[in-house]
Amino acid sequence: MSSLFSIFSSLTRIPLSRPFRSTICAQCRRSFAASAVLSSGHNKWSKIKHEKAAADKKKNTQRSAFAKQLTMYSKMYGADPNLNTQLASVIAIAKKAGMPKANIDVAIARGQGKSETGAGLETATLEVMLAPSVAMVIDIETDNKQRSLKDLRTIIKKHGGTVTPTAFLFTRQGRAVLSHRNNDDDGSEAAKGKEAGEKELDFDEVMMQALDAGAEDVEKDEQGDIVLWTPPNLTHQVAQDVAKALGLNILSSDIIWSCTSDKVKVDDAEAVITLAKLLSVVQEYPDVQAVYINAERGDVSEEAWSAVEEALDS
């Protein structure tokens, strides 16, 4: 009996001193490691993508500004740069900045009320309501009104908006901005030195000249530029008369939609993001000339609201 017990014990005894051998190879065991894997390639591509997006946005903003100036000077002084020094100056600057010739030609043609093919342009307005109670008016200039309105309605619907009357919340006003600065001033030290050497305008003199020319009101903006408010039918003429009389440059001259009552404060961060995305997409549509809303920043960060302001024309 004792012999049987000794045999059984020897069979079931496990030698603890023998090292345990894993059946998983060393190469495979690496995949089970708990240490973090640095995806340097992904991070690098993500950084490049964000930098490219920022550069593209800056370029598009610059080209949009050039296009508006080209259209304005073409409308005010004619489409021939040989007879229109202001237009010739902007063309030269836009080309230097890399704006394609086709885009320049389109902007100049728009100033003459024509498309790039020479067809006449029609104007249209799209009125929109967005959450939370934000009214929007979109100015359109196109050679195919039905196509443009259909495309924009689709964009509005996709972003949660509703096409409905909102123009009654706004009024039409003429607005011109005049300055000592030339359109090619880029904020460089040379440009700043040039401005510093210029005689400061007497605001009372500017106001008297503007009121005599037909302006309804005159003010200064944050940059120190002169803002003229005029009847819509006199905007371009008042701007030209005041600029000529006081030796100023016309930075912009537009007929805008101005709110007739208090603006809606937007306090929700998600609503701001949705609004900024919609404005960005709408502004990218080639037939859109300007976008106006009756909203202002509420309890949200300045950084978040800046994306909205950058896409507005007022």
# chains A, B, ... in the order shown; residues from 1 in each chain; ligands from 1
$ select_by_dssp --residues "stretch 62-224 of chain A" --states "helix (DSSP H, G or I)" --output "ChimeraX atom specification"
/A:62-77,85-96,101-111,145-158,167-169,189-196,203-213
$ residues_around --residues "A:Thr162" --least-positions-apart "5" --cutoff "12 Å" --atoms "only C-alpha atoms" --output "JSON, numbers by chain"
{"A": [126, 127, 128, 129, 130, 131, 132, 133, 134, 135, 136, 137, 152, 153, 154, 155, 156, 157]}
$ select_by_dssp --residues "stretch 71-310 of chain A" --states "strand (DSSP E or B)" --output "MDAnalysis selection string"
chainID A and resid 114 120 122:130 134:142 162:163 170:179 217:220 226:230 249:259 264:266 288:293 295:297
$ closest_residue --among "A:Ile93, A:Val177, A:Leu275, A:Met207" --to "A:Thr235" --atoms "only C-alpha atoms"
A:Val177
$ closest_residue --among "A:Val90, A:Val272, A:Ile250, A:Ala67" --to "A:Glu302" --atoms "only C-alpha atoms"
A:Val272
$ atom_distance --atom1 "atom CA of A:His180" --atom2 "atom CA of A:Asp225"
7.9 Å
$ atom_distance --atom1 "atom CA of A:Asn43" --atom2 "atom CA of A:Ala304"
24.2 Å
$ residues_around --residues "A:Ser64" --least-positions-apart "2" --cutoff "10 Å" --atoms "only C-alpha atoms" --output "PyMOL selection string"
chain A and resi 58-62+66-70+99+103+107+283-284+289
$ residues_around --residues "A:Arg172" --least-positions-apart "6" --cutoff "8 Å" --atoms "only C-alpha atoms" --output "number ranges by chain"
A: 232, 255-258
